[in-house]
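> File name protein31.txt; file contents compact mmCIF, C-alpha atoms; full text below.
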# COMPACT_ATOMS: atom_id res chain seq x y z
CA MET A 1 49.15 79.16 3.11
CA LYS A 2 47.29 75.90 2.39
CA THR A 3 49.11 72.60 2.26
CA LEU A 4 48.90 70.23 -0.70
CA SER A 5 46.56 67.95 1.24
CA GLY A 6 44.37 70.94 2.09
CA LEU A 7 44.13 71.93 -1.58
CA LYS A 8 43.22 68.36 -2.50
CA ALA A 9 40.49 68.32 0.15
CA ASP A 10 39.03 71.57 -1.22
CA ASN A 11 39.13 70.13 -4.72
CA ILE A 12 37.29 67.00 -3.62
CA ARG A 13 34.63 69.08 -1.87
CA ARG A 14 34.11 71.13 -5.02
CA ARG A 15 33.76 68.00 -7.11
CA LYS A 16 30.98 66.72 -4.90
CA HIS A 17 28.74 69.41 -6.39
CA LEU A 18 27.84 68.71 -9.98
CA ASN A 19 27.63 71.65 -12.34
CA PRO A 20 24.28 72.14 -14.15
CA PRO A 21 25.24 70.18 -17.32
CA GLN A 22 26.56 67.29 -15.20
CA PHE A 23 23.43 67.31 -13.07
CA LEU A 24 21.15 67.24 -16.12
CA ALA A 25 23.17 64.46 -17.75
CA ALA A 26 23.12 62.41 -14.54
CA MET A 27 19.37 62.83 -13.98
CA PHE A 28 18.52 61.87 -17.56
CA LEU A 29 20.73 58.79 -17.21
CA ILE A 30 19.07 57.79 -13.94
CA MET A 31 15.60 58.12 -15.50
CA ILE A 32 16.71 55.98 -18.45
CA LEU A 33 18.10 53.24 -16.21
CA VAL A 34 15.02 53.16 -13.96
CA GLY A 35 12.78 53.03 -17.03
CA ALA A 36 14.84 50.23 -18.57
CA ILE A 37 14.54 48.13 -15.41
CA LEU A 38 10.77 48.63 -15.23
CA LEU A 39 10.23 47.85 -18.92
CA SER A 40 12.35 44.70 -18.74
CA MET A 41 10.17 43.24 -15.96
CA PRO A 42 7.30 40.82 -16.77
CA ILE A 43 4.86 43.24 -15.10
CA SER A 44 5.36 45.63 -18.04
CA GLN A 45 5.20 43.11 -20.87
CA LYS A 46 2.34 41.31 -22.56
CA GLY A 47 1.90 37.61 -21.97
CA GLY A 48 4.03 35.49 -24.28
CA VAL A 49 6.27 38.46 -25.13
CA LYS A 50 9.87 38.72 -23.93
CA VAL A 51 11.56 42.10 -24.33
CA GLY A 52 15.23 41.76 -23.42
CA ILE A 53 17.22 44.20 -21.32
CA LEU A 54 18.92 45.79 -24.36
CA ASP A 55 15.61 46.44 -26.12
CA SER A 56 14.14 47.74 -22.84
CA PHE A 57 17.16 50.02 -22.46
CA PHE A 58 16.68 51.24 -26.04
CA THR A 59 12.95 51.87 -25.48
CA SER A 60 13.54 53.70 -22.20
CA THR A 61 16.23 55.90 -23.78
CA SER A 62 13.94 56.65 -26.71
CA ALA A 63 11.13 57.63 -24.32
CA VAL A 64 13.20 59.80 -21.96
CA CYS A 65 14.97 61.45 -24.90
CA VAL A 66 11.56 61.83 -26.64
CA SER A 67 12.90 60.19 -29.77
CA GLY A 68 10.28 57.62 -30.75
CA LEU A 69 12.70 55.21 -32.41
CA VAL A 70 11.57 51.70 -31.48
CA VAL A 71 13.04 48.23 -31.81
CA VAL A 72 9.81 46.56 -30.63
CA ASP A 73 6.26 47.75 -31.23
CA THR A 74 4.96 49.54 -28.14
CA ALA A 75 1.38 48.23 -28.30
CA ASP A 76 2.30 44.67 -29.28
CA SER A 77 5.06 44.27 -26.67
CA PHE A 78 3.98 46.22 -23.58
CA ASN A 79 0.78 45.95 -21.55
CA ILE A 80 -1.10 48.89 -20.02
CA PHE A 81 1.42 49.23 -17.18
CA GLY A 82 4.36 49.20 -19.59
CA GLN A 83 2.64 51.75 -21.82
CA LEU A 84 2.01 53.99 -18.79
CA VAL A 85 5.70 53.71 -17.87
CA ILE A 86 6.63 54.84 -21.38
CA MET A 87 4.09 57.68 -21.25
CA PHE A 88 5.48 58.81 -17.88
CA LEU A 89 9.06 58.69 -19.18
CA VAL A 90 8.04 60.73 -22.22
CA GLN A 91 6.36 63.31 -19.99
CA LEU A 92 9.38 63.57 -17.70
CA GLY A 93 11.83 63.66 -20.58
CA GLY A 94 9.86 66.21 -22.57
CA LEU A 95 8.43 68.53 -19.95
CA GLY A 96 11.52 68.02 -17.81
CA PHE A 97 11.99 66.51 -14.40
CA MET A 98 13.15 69.89 -13.08
CA THR A 99 10.01 71.57 -14.41
CA ALA A 100 7.94 68.90 -12.70
CA GLY A 101 9.89 69.55 -9.50
CA VAL A 102 9.18 73.28 -9.67
CA MET A 103 5.50 72.57 -10.22
CA VAL A 104 5.37 70.31 -7.14
CA ALA A 105 7.27 72.90 -5.09
CA LEU A 106 4.86 75.65 -6.13
CA LEU A 107 1.87 73.46 -5.30
CA LEU A 108 3.34 72.84 -1.83
CA GLY A 109 4.11 76.53 -1.39
CA ARG A 110 7.86 75.96 -1.17
CA LYS A 111 10.67 78.05 -2.63
CA VAL A 112 13.08 76.71 -5.24
CA SER A 113 16.72 76.88 -4.16
CA LEU A 114 19.20 79.12 -5.97
CA ARG A 115 21.06 76.02 -7.18
CA GLY A 116 17.82 74.65 -8.61
CA LYS A 117 17.17 77.94 -10.37
CA ILE A 118 20.65 77.92 -11.91
CA ILE A 119 20.16 74.36 -13.18
CA LEU A 120 16.80 75.33 -14.67
CA GLN A 121 18.37 78.41 -16.26
CA ASP A 122 21.02 76.23 -17.90
CA ALA A 123 18.48 73.63 -19.03
CA PHE A 124 16.00 76.08 -20.54
CA GLN A 125 18.47 78.76 -21.69
CA TYR A 126 16.97 81.69 -19.80
CA GLN A 127 19.07 84.83 -19.50
CA THR A 128 18.40 85.58 -15.82
CA VAL A 129 17.92 83.35 -12.81
CA ASP A 130 15.01 85.48 -11.56
CA GLN A 131 12.90 84.53 -14.60
CA VAL A 132 13.14 80.82 -14.04
CA THR A 133 10.62 79.79 -11.40
CA LYS A 134 8.00 82.31 -12.48
CA VAL A 135 8.08 81.24 -16.12
CA ILE A 136 8.60 77.51 -15.57
CA GLY A 137 5.82 77.27 -13.02
CA HIS A 138 3.24 78.86 -15.29
CA VAL A 139 4.42 77.04 -18.40
CA ALA A 140 4.28 73.64 -16.70
CA PHE A 141 0.61 74.15 -15.93
CA THR A 142 0.02 75.49 -19.44
CA ALA A 143 1.73 72.47 -21.02
CA ILE A 144 -0.36 70.00 -19.05
CA THR A 145 -3.51 71.95 -19.92
CA ILE A 146 -2.63 71.75 -23.63
CA GLU A 147 -2.05 68.00 -23.31
CA ILE A 148 -5.41 67.48 -21.61
CA ILE A 149 -7.23 69.51 -24.27
CA GLY A 150 -5.46 67.48 -26.98
CA ALA A 151 -6.36 64.22 -25.23
CA VAL A 152 -10.04 65.13 -24.97
CA ALA A 153 -10.18 66.29 -28.60
CA LEU A 154 -8.56 63.09 -29.89
CA GLY A 155 -10.72 60.98 -27.59
CA LEU A 156 -13.90 62.53 -28.97
CA ILE A 157 -12.75 62.04 -32.57
CA TRP A 158 -11.86 58.37 -31.97
CA MET A 159 -14.89 57.57 -29.79
CA GLY A 160 -16.84 55.95 -32.61
CA GLU A 161 -13.90 53.70 -33.45
CA TYR A 162 -12.59 52.73 -30.00
CA GLY A 163 -15.37 53.56 -27.54
CA PRO A 164 -14.34 54.64 -24.00
CA ARG A 165 -10.76 53.44 -24.69
CA SER A 166 -10.43 56.37 -27.10
CA PHE A 167 -9.67 58.75 -24.21
CA TYR A 168 -6.75 56.61 -23.05
CA LEU A 169 -5.47 56.55 -26.63
CA GLY A 170 -6.06 60.29 -26.84
CA LEU A 171 -4.06 60.93 -23.66
CA PHE A 172 -1.14 58.76 -24.75
CA HIS A 173 -0.88 60.30 -28.21
CA SER A 174 -1.48 63.84 -26.96
CA ILE A 175 1.45 63.53 -24.54
CA SER A 176 3.52 61.82 -27.21
CA ALA A 177 2.78 64.58 -29.75
CA PHE A 178 3.20 67.58 -27.45
CA ASN A 179 6.50 66.21 -26.13
CA ASN A 180 7.58 65.50 -29.71
CA ALA A 181 8.12 61.81 -28.94
CA GLY A 182 6.29 60.01 -31.75
CA PHE A 183 5.39 56.89 -29.76
CA ASP A 184 2.10 55.25 -30.75
CA ILE A 185 0.05 52.36 -29.38
CA PHE A 186 -1.92 51.32 -32.46
CA GLY A 187 0.21 48.21 -33.01
CA GLY A 188 2.02 46.74 -35.98
CA PHE A 189 4.49 49.66 -36.31
CA GLN A 190 1.71 51.50 -38.17
CA SER A 191 2.02 54.87 -36.37
CA LEU A 192 -0.70 57.17 -37.79
CA SER A 193 -1.00 55.47 -41.19
CA THR A 194 -4.69 54.75 -40.54
CA TYR A 195 -5.34 58.49 -40.34
CA LYS A 196 -3.48 59.75 -43.41
CA GLY A 197 -6.78 61.12 -44.74
CA ASP A 198 -8.21 62.27 -41.40
CA VAL A 199 -7.98 66.07 -41.36
CA LEU A 200 -9.14 66.47 -37.75
CA THR A 201 -6.77 63.89 -36.25
CA LEU A 202 -3.70 65.08 -38.14
CA SER A 203 -4.53 68.75 -37.50
CA ILE A 204 -4.68 68.21 -33.73
CA ILE A 205 -1.48 66.16 -33.78
CA MET A 206 0.29 68.86 -35.83
CA ILE A 207 -0.85 71.64 -33.47
CA LEU A 208 0.44 69.68 -30.48
CA ILE A 209 3.78 68.99 -32.19
CA VAL A 210 4.29 72.63 -33.19
CA LEU A 211 3.38 73.95 -29.73
CA GLY A 212 5.68 71.43 -28.06
CA GLY A 213 8.50 72.26 -30.46
CA LEU A 214 8.34 76.04 -30.04
CA GLY A 215 9.83 76.00 -26.57
CA TYR A 216 8.11 76.79 -23.31
CA ALA A 217 9.50 80.33 -23.14
CA VAL A 218 7.92 81.09 -26.53
CA ILE A 219 4.55 79.67 -25.46
CA TRP A 220 4.72 81.82 -22.35
CA GLY A 221 5.65 84.84 -24.47
CA ILE A 222 2.66 84.28 -26.75
CA LEU A 223 0.34 84.06 -23.75
CA GLN A 224 1.87 87.21 -22.28
CA ARG A 225 1.36 89.10 -25.54
CA GLY A 226 -2.33 88.38 -25.23
CA ARG A 227 -2.15 90.45 -22.04
CA GLY A 228 -0.70 93.45 -23.85
CA LYS A 229 3.03 92.73 -23.44
CA ARG A 230 5.49 92.79 -26.34
CA ILE A 231 6.82 89.51 -27.66
CA THR A 232 10.49 88.87 -26.89
CA TYR A 233 13.24 88.95 -29.50
CA HIS A 234 13.92 85.25 -28.87
CA ALA A 235 10.26 84.37 -29.49
CA LYS A 236 10.23 86.46 -32.67
CA VAL A 237 13.26 84.62 -34.09
CA VAL A 238 11.80 81.23 -33.16
CA LEU A 239 8.37 81.95 -34.66
CA ILE A 240 9.68 83.38 -37.94
CA THR A 241 12.26 80.61 -38.39
CA THR A 242 9.72 77.91 -37.53
CA PHE A 243 7.20 79.32 -40.00
CA ALA A 244 9.85 79.55 -42.75
CA LEU A 245 10.94 75.94 -42.18
CA LEU A 246 7.33 74.73 -42.23
CA VAL A 247 6.70 76.48 -45.55
CA VAL A 248 9.94 75.20 -47.12
CA GLY A 249 9.26 71.69 -45.78
CA PHE A 250 5.70 71.70 -47.10
CA ILE A 251 6.68 72.89 -50.59
CA GLY A 252 9.65 70.52 -50.75
CA THR A 253 7.57 67.53 -49.63
CA TYR A 254 4.80 68.24 -52.13
CA LEU A 255 7.18 68.76 -55.05
CA LEU A 256 9.28 65.67 -54.29
CA GLU A 257 6.58 63.19 -53.26
CA SER A 258 3.19 64.16 -54.72
CA SER A 259 3.95 62.25 -57.93
CA ASN A 260 5.59 59.24 -56.25
CA PRO A 261 3.17 56.34 -56.93
CA ALA A 262 4.57 54.32 -54.02
CA ALA A 263 3.81 57.06 -51.48
CA MET A 264 1.67 60.17 -51.98
CA GLY A 265 1.09 59.71 -55.69
CA ALA A 266 -1.96 57.51 -55.13
CA LEU A 267 -3.62 59.96 -52.71
CA PRO A 268 -6.27 62.54 -53.71
CA LEU A 269 -5.13 66.18 -53.89
CA LYS A 270 -6.56 67.02 -50.45
CA ASP A 271 -4.59 64.23 -48.80
CA LYS A 272 -1.42 65.11 -50.71
CA ILE A 273 -1.59 68.63 -49.29
CA LEU A 274 -2.49 67.34 -45.81
CA ASN A 275 0.36 64.81 -45.69
CA SER A 276 2.88 67.24 -47.18
CA LEU A 277 2.12 69.63 -44.34
CA PHE A 278 2.16 66.80 -41.81
CA TYR A 279 5.64 65.63 -42.84
CA SER A 280 6.91 69.20 -42.77
CA VAL A 281 5.77 69.38 -39.14
CA THR A 282 6.67 65.91 -37.85
CA SER A 283 10.08 65.62 -39.54
CA ARG A 284 11.78 68.32 -37.47
CA SER A 285 11.15 66.84 -34.06
CA CYS A 286 8.41 64.27 -33.58
CA GLY A 287 8.54 61.12 -35.69
CA PHE A 288 4.91 60.19 -36.31
CA ASN A 289 4.39 58.99 -39.85
CA THR A 290 1.36 58.35 -42.06
CA LEU A 291 3.09 56.57 -44.94
CA ASP A 292 5.71 53.84 -45.22
CA MET A 293 9.07 55.62 -44.94
CA GLY A 294 10.69 52.92 -47.06
CA ASP A 295 8.59 54.02 -50.05
CA PHE A 296 9.92 57.58 -50.17
CA THR A 297 12.41 58.74 -52.81
CA PRO A 298 16.08 59.47 -51.92
CA PRO A 299 15.74 63.24 -52.57
CA PHE A 300 12.86 63.46 -50.10
CA LEU A 301 14.73 61.40 -47.49
CA PHE A 302 17.62 63.83 -47.86
CA LEU A 303 15.23 66.77 -47.31
CA LEU A 304 13.97 65.05 -44.16
CA ILE A 305 17.57 64.59 -42.98
CA ILE A 306 18.13 68.35 -43.25
CA LEU A 307 14.90 69.15 -41.39
CA MET A 308 15.65 66.57 -38.67
CA PHE A 309 19.14 67.99 -38.20
CA ILE A 310 17.75 71.51 -37.70
CA GLY A 311 15.10 70.29 -35.28
CA ALA A 312 12.92 72.27 -32.88
CA SER A 313 13.57 75.32 -30.69
CA PRO A 314 15.55 75.87 -27.46
CA GLY A 315 13.83 74.93 -24.23
CA SER A 316 11.36 72.69 -26.06
CA ALA A 317 10.77 68.96 -26.05
CA GLY A 318 12.38 68.66 -29.48
CA GLY A 319 16.03 68.25 -30.41
CA GLY A 320 18.32 68.99 -33.32
CA ILE A 321 20.72 71.93 -33.48
CA LYS A 322 17.67 74.19 -32.83
CA THR A 323 15.95 76.83 -34.95
CA THR A 324 17.80 79.72 -33.30
CA VAL A 325 21.17 78.14 -34.08
CA PHE A 326 20.12 77.62 -37.69
CA ALA A 327 18.95 81.25 -37.96
CA THR A 328 22.20 82.47 -36.39
CA ILE A 329 24.35 80.44 -38.79
CA ILE A 330 22.40 81.70 -41.82
CA ALA A 331 22.72 85.29 -40.58
CA ALA A 332 26.46 84.86 -39.93
CA ARG A 333 27.15 83.41 -43.37
CA TRP A 334 25.05 86.12 -45.04
CA SER A 335 27.04 88.77 -43.17
CA ASN A 336 30.29 87.12 -44.31
CA ILE A 337 29.15 87.09 -47.93
CA ARG A 338 28.21 90.77 -47.76
CA GLY A 339 31.47 91.68 -46.04
CA GLU A 340 29.72 93.05 -42.97
CA ARG A 341 31.60 93.26 -39.70
CA ASN A 342 28.61 92.50 -37.48
CA VAL A 343 26.13 89.63 -37.60
CA ASN A 344 22.63 91.08 -37.78
CA LEU A 345 19.38 89.16 -37.45
CA PHE A 346 15.95 90.81 -37.62
CA LYS A 347 17.32 94.30 -36.90
CA ARG A 348 19.44 93.17 -33.95
CA ARG A 349 23.22 92.74 -33.75
CA LEU A 350 24.05 89.30 -32.40
CA ALA A 351 26.71 89.08 -29.71
CA GLU A 352 29.96 87.45 -30.82
CA GLU A 353 29.70 84.75 -28.16
CA VAL A 354 26.24 83.78 -29.48
CA VAL A 355 27.62 83.27 -32.99
CA ILE A 356 30.61 81.28 -31.69
CA LYS A 357 28.33 79.07 -29.58
CA ALA A 358 26.04 78.44 -32.57
CA GLU A 359 29.00 77.47 -34.77
CA THR A 360 30.33 75.18 -32.03
CA ILE A 361 26.97 73.43 -31.70
CA VAL A 362 26.79 72.82 -35.45
CA PHE A 363 30.39 71.57 -35.55
CA LEU A 364 29.93 69.15 -32.65
CA SER A 365 26.59 67.96 -34.04
CA LEU A 366 28.06 67.24 -37.47
CA LEU A 367 30.98 65.47 -35.80
CA LEU A 368 28.59 63.27 -33.80
CA VAL A 369 26.43 62.43 -36.82
CA MET A 370 29.48 61.58 -38.94
CA ALA A 371 30.93 59.35 -36.21
CA VAL A 372 27.63 57.51 -35.70
CA THR A 373 27.13 57.10 -39.45
CA MET A 374 30.62 55.65 -39.78
CA ILE A 375 30.03 53.17 -36.94
CA LEU A 376 26.68 52.05 -38.38
CA SER A 377 28.28 51.71 -41.82
CA ILE A 378 30.82 49.32 -40.31
CA THR A 379 28.36 47.29 -38.23
CA GLU A 380 25.49 47.11 -40.74
CA GLU A 381 25.31 46.11 -44.41
CA LEU A 382 22.64 48.60 -45.41
CA PRO A 383 22.29 51.43 -47.96
CA PHE A 384 24.27 54.49 -46.90
CA LEU A 385 21.29 56.86 -47.11
CA ASN A 386 19.26 54.65 -44.76
CA ILE A 387 22.14 54.60 -42.27
CA LEU A 388 22.61 58.38 -42.44
CA PHE A 389 18.85 58.84 -42.03
CA GLU A 390 18.84 56.63 -38.92
CA ALA A 391 21.83 58.46 -37.41
CA VAL A 392 20.30 61.91 -37.87
CA SER A 393 16.90 60.69 -36.66
CA ALA A 394 18.51 59.41 -33.44
CA PHE A 395 20.49 62.63 -33.01
CA GLY A 396 17.32 64.75 -33.63
CA PRO A 397 16.01 62.93 -31.64
CA VAL A 398 13.12 62.56 -34.11
CA GLY A 399 12.20 58.89 -34.39
CA LEU A 400 11.49 58.57 -38.10
CA SER A 401 12.97 55.42 -39.62
CA THR A 402 13.10 53.72 -43.00
CA GLY A 403 12.28 50.49 -41.17
CA ILE A 404 15.76 49.29 -40.24
CA THR A 405 15.68 50.00 -36.47
CA PRO A 406 14.19 46.68 -35.26
CA HIS A 407 16.73 44.73 -37.33
CA LEU A 408 19.91 46.40 -36.04
CA ASN A 409 22.54 44.38 -34.20
CA PRO A 410 23.42 45.06 -30.52
CA ILE A 411 26.41 47.30 -31.33
CA SER A 412 24.27 49.47 -33.60
CA LYS A 413 21.51 49.67 -30.97
CA LEU A 414 24.00 50.78 -28.31
CA THR A 415 25.38 53.36 -30.73
CA LEU A 416 21.90 54.79 -31.31
CA ILE A 417 21.19 54.75 -27.56
CA PHE A 418 24.20 57.00 -26.98
CA THR A 419 23.22 59.16 -29.97
CA MET A 420 19.69 59.74 -28.64
CA TYR A 421 21.11 60.59 -25.21
CA ALA A 422 23.69 63.00 -26.64
CA GLY A 423 21.15 64.51 -29.02
CA ARG A 424 18.60 65.16 -26.26
CA LEU A 425 21.13 66.79 -23.97
CA GLY A 426 22.78 68.64 -26.82
CA PRO A 427 26.40 68.03 -27.88
CA LEU A 428 27.61 71.23 -26.19
CA THR A 429 25.91 70.36 -22.89
CA LEU A 430 27.41 66.88 -23.04
CA VAL A 431 30.90 68.32 -23.60
CA TYR A 432 30.41 70.68 -20.64
CA ALA A 433 29.23 67.75 -18.53
CA LEU A 434 32.28 65.63 -19.38
CA GLY A 435 34.83 68.43 -19.07
CA SER A 436 35.44 71.59 -17.11
CA ARG A 437 34.73 75.13 -18.21
CA SER A 438 37.54 77.50 -17.36
CA ARG A 439 38.79 80.87 -18.49
CA GLY A 440 42.40 81.09 -19.59
CA LEU A 441 44.68 83.37 -17.55
CA PHE A 442 46.76 84.35 -20.57
CA GLU A 443 46.42 84.75 -24.32
CA TYR A 444 48.61 83.38 -27.11
CA PRO A 445 49.81 85.66 -29.93
CA LYS A 446 47.43 85.92 -32.88
CA GLY A 447 47.95 83.50 -35.75
CA TYR A 448 46.84 84.02 -39.35
CA LEU A 449 46.03 81.28 -41.86
CA ASN A 450 45.41 81.34 -45.58
CA LEU A 451 41.88 79.95 -45.89
CA GLY A 452 41.67 80.11 -49.67
Could you take the file, read its structure, and then write that structure out as structure tokens?


Amino acid sequence: MKTLSGLKADNIRRRKHLNPPQFLAAMFLIMILVGAILLSMPISQKGGVKVGILDSFFTSTSAVCVSGLVVVDTADSFNIFGQLVIMFLVQLGGLGFMTAGVMVALLLGRKVSLRGKIILQDAFQYQTVDQVTKVIGHVAFTAITIEIIGAVALGLIWMGEYGPRSFYLGLFHSISAFNNAGFDIFGGFQSLSTYKGDVLTLSIIMILIVLGGLGYAVIWGILQRGRGKRITYHAKVVLITTFALLVVGFIGTYLLESSNPAAMGALPLKDKILNSLFYSVTSRSCGFNTLDMGDFTPPFLFLLIILMFIGASPGSAGGGIKTTVFATIIAARWSNIRGERNVNLFKRRLAEEVVIKAETIVFLSLLLVMAVTMILSITEELPFLNILFEAVSAFGPVGLSTGITPHLNPISKLTLIFTMYAGRLGPLTLVYALGSRSRGLFEYPKGYLNLG
């Protein structure tokens, strides 16, 4: 029989090994801190510009969490080295440091440890450990290939405007778009406003955003289908839900903003359609914008809030509650309304634990957004809708803003830093990282409540 001191020693040894959520949370935090230190150094900043440690911390968090919210303009504040640091942080945060590690291991001909596989499984939501290295290794190469193709395409389009520098701009914005970050280096907080009528530029950006937001497992599934294999159930749900959200977002944007003289109302019909589609794509995960967000009507901002909250798909660079969670919640509520015992989605019965997890994610996400909105309402004297928009954008993490981000006070900036971090990890992952997951050894008697 073990003594008390022996039990304590065993407990300490167990605690030395972080569980997957704790490991992911710790690694993201380390990347953020390293990035903040680099960005705060003079070597990263333009001459005559001083970016303080808090703003560097905010920028680094936004890059690692692929948010795109900025308190200082990236091009006007950071030199080439600083911009490369941000681009590298975006790549690591979006593609994933563990994915990058697998890619390096495969290149060196080394095997990934079982612990590494389990962490990857938890990070990318794969069902079996055996799938992890095979899928991640191929997808990492595929993702980088897509980014390079996007960079070359954008570079060729912008060649007449920027000369040889266009390929650097193409690479930065291709990585930013595919990883759903929304950072730009055009200066003056203008994002892609110069290209609101450029069909080629916006089309390439939209394709990169959508591919990056689908999730690497879905991209891999699409590639596998081209080789004669059936698409997975997960990929089917993601693709159908994504398409439905894009259509709803496009129609909603056009109806709400096409007659707004301050925004899309002054554009020709072609550009109204183009920008309506663009905002349907960028609002769920990326954060690029072509028009001044402060000119949009409240109903449209509220539509964007809903789309930002839903976000991208599991295992992708994007955030939000995820498309699969949204689809699960809709299916569960529809089953409740119809009085059905099981929750069915696309001719499959969803497991009870899947529905419970989806409901937990939505609950924790709403709780986080409400708490952040309340804090910002206390610390800032701004319109409530703008504050709510900022909170959801940080949670997304999307990066769209009505223009208030650079003017926030330190408490508000720190609040958004935590929100971006929590949103990128996912509220449920953060809870698992902070607490312990255990199974109860006994059950309480059932209780019944009158719910109205």

> Which residue gives the smallest distance to A:Leu388 among A:Pro410, A:Thr360, A:Met308, A:Gly213, with only C-alpha atoms counted?

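The shortest atom-to-atom distance to A:Leu388 comes from A:Met308.
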
> What's the 9 Å shell around A:Ile417, counting only C-alpha atoms, without same-chain residues fewer than 5 positions away, as a list of chain:residue names?

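Here the answer would be A:Phe57, A:Phe58, A:Thr59, A:Thr61, A:Ser62, A:Ala394, A:Ser412, A:Ala422.
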
> At a cut-off of 12 Å around the point (2.6, 70.7, -27.2) (file coordinates), what residues fall inside when counting all atoms listed in the file? I'd like the answer as a PyMOL selection string.

chain A and resi 91+94-95+139-151+173-181+204-216+218-219+285-286+312+316-318

> State, in Å with one decimal place, the distance from atom CA of A:Leu256 to atom CA of A:Pro299.

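Value for the atom CA of A:Leu256-atom CA of A:Pro299 distance: 7.1 Å.
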
> Calculated over all atoms listed in the file, which of the candidates A:Pro397, A:Gly221, A:Gly170, A:Pro42 has the smallest distance to A:Ala63?

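Using all atoms listed in the file, A:Ala63 sits closest to A:Pro397.
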
> What is the atom CA of A:Gly163-atom CA of A:Val281 distance in Å, reported with one decimal?

28.8 Å

> Would you pick out the contacts of A:His234 at 9 Å or less, using all atoms listed in the file, so that residues sharing its chain but fewer than 5 positions from it are not included, and give the list as number ranges by chain?

A: 217-218, 239, 324

> Write the residues you've just listed into a file as a short mmCIF file (atom, residue, chain, number, x, y, z; two decimals), in the coordinates of the input, and include C-alpha atoms for each of them.


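Printed below is selection_13.cif as written:
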data_model
loop_
_atom_site.label_atom_id
_atom_site.label_comp_id
_atom_site.auth_asym_id
_atom_site.auth_seq_id
_atom_site.Cartn_x
_atom_site.Cartn_y
_atom_site.Cartn_z
CA ALA A 217 9.50 80.33 -23.14
CA VAL A 218 7.92 81.09 -26.53
CA LEU A 239 8.37 81.95 -34.66
CA THR A 324 17.80 79.72 -33.30
#

> Using atom CA of A:Asp76 and atom CA of A:Ile32 as the two end points, give the distance in Å to one decimal.

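According to the coordinates, atom CA of A:Asp76 and atom CA of A:Ile32 are separated by 21.3 Å.
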
> From the options A:Thr402, A:Gln224, A:Ser60, A:Thr323, which residue's atoms come nearest to A:Ala36, counting all atoms listed in the file?

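Ranking A:Thr402, A:Gln224, A:Ser60, A:Thr323 by distance to A:Ala36, first place goes to A:Ser60.
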
> Identify, on the basis of all atoms listed in the file, every residue whose closest approach to stretch 369-381 of chain A does not exceed 12 Å; exclude the query and any residue fewer than 3 positions from it along the same chain; express the result as a PyMOL selection string.

chain A and resi 305+308-309+320-321+362-366+384-397+404-405+407-420+422-423+427

> Would you please work out which residue, of A:Ala75, A:Ile251, A:Leu382, A:Leu92, is nearest to A:Ile30 when using only C-alpha atoms?

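Using only C-alpha atoms, the shortest distance to A:Ile30 belongs to A:Leu92.
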
> Looking at A:Ala351, A:Ile222, A:Ile86, A:Leu304, which one is nearest to A:Val398, with distances taken over all atoms listed in the file?

A:Leu304

> Given 5 Å on each side, where is the centre and what are the edge lengths in Å to one decimal of the axis-aligned box enclosing the listed atoms of stretch 389-405 of chain A, as AutoDock Vina command-line options?


--center_x 16.7 --center_y 57.0 --center_z -37.3 --size_x 20.3 --size_y 25.5 --size_z 21.4

> Would you pick out the contacts of A:Ser44 at 9 Å or less, using all atoms listed in the file, so that residues sharing its chain but fewer than 4 positions from it are not included, and give the list as an NGL selection string?

:A and (38-40 or 77-83 or 85)

> A:Ala263, A:Met41, A:Met87, A:Leu171: which is nearest A:Gly155, counting only C-alpha atoms?

A:Leu171
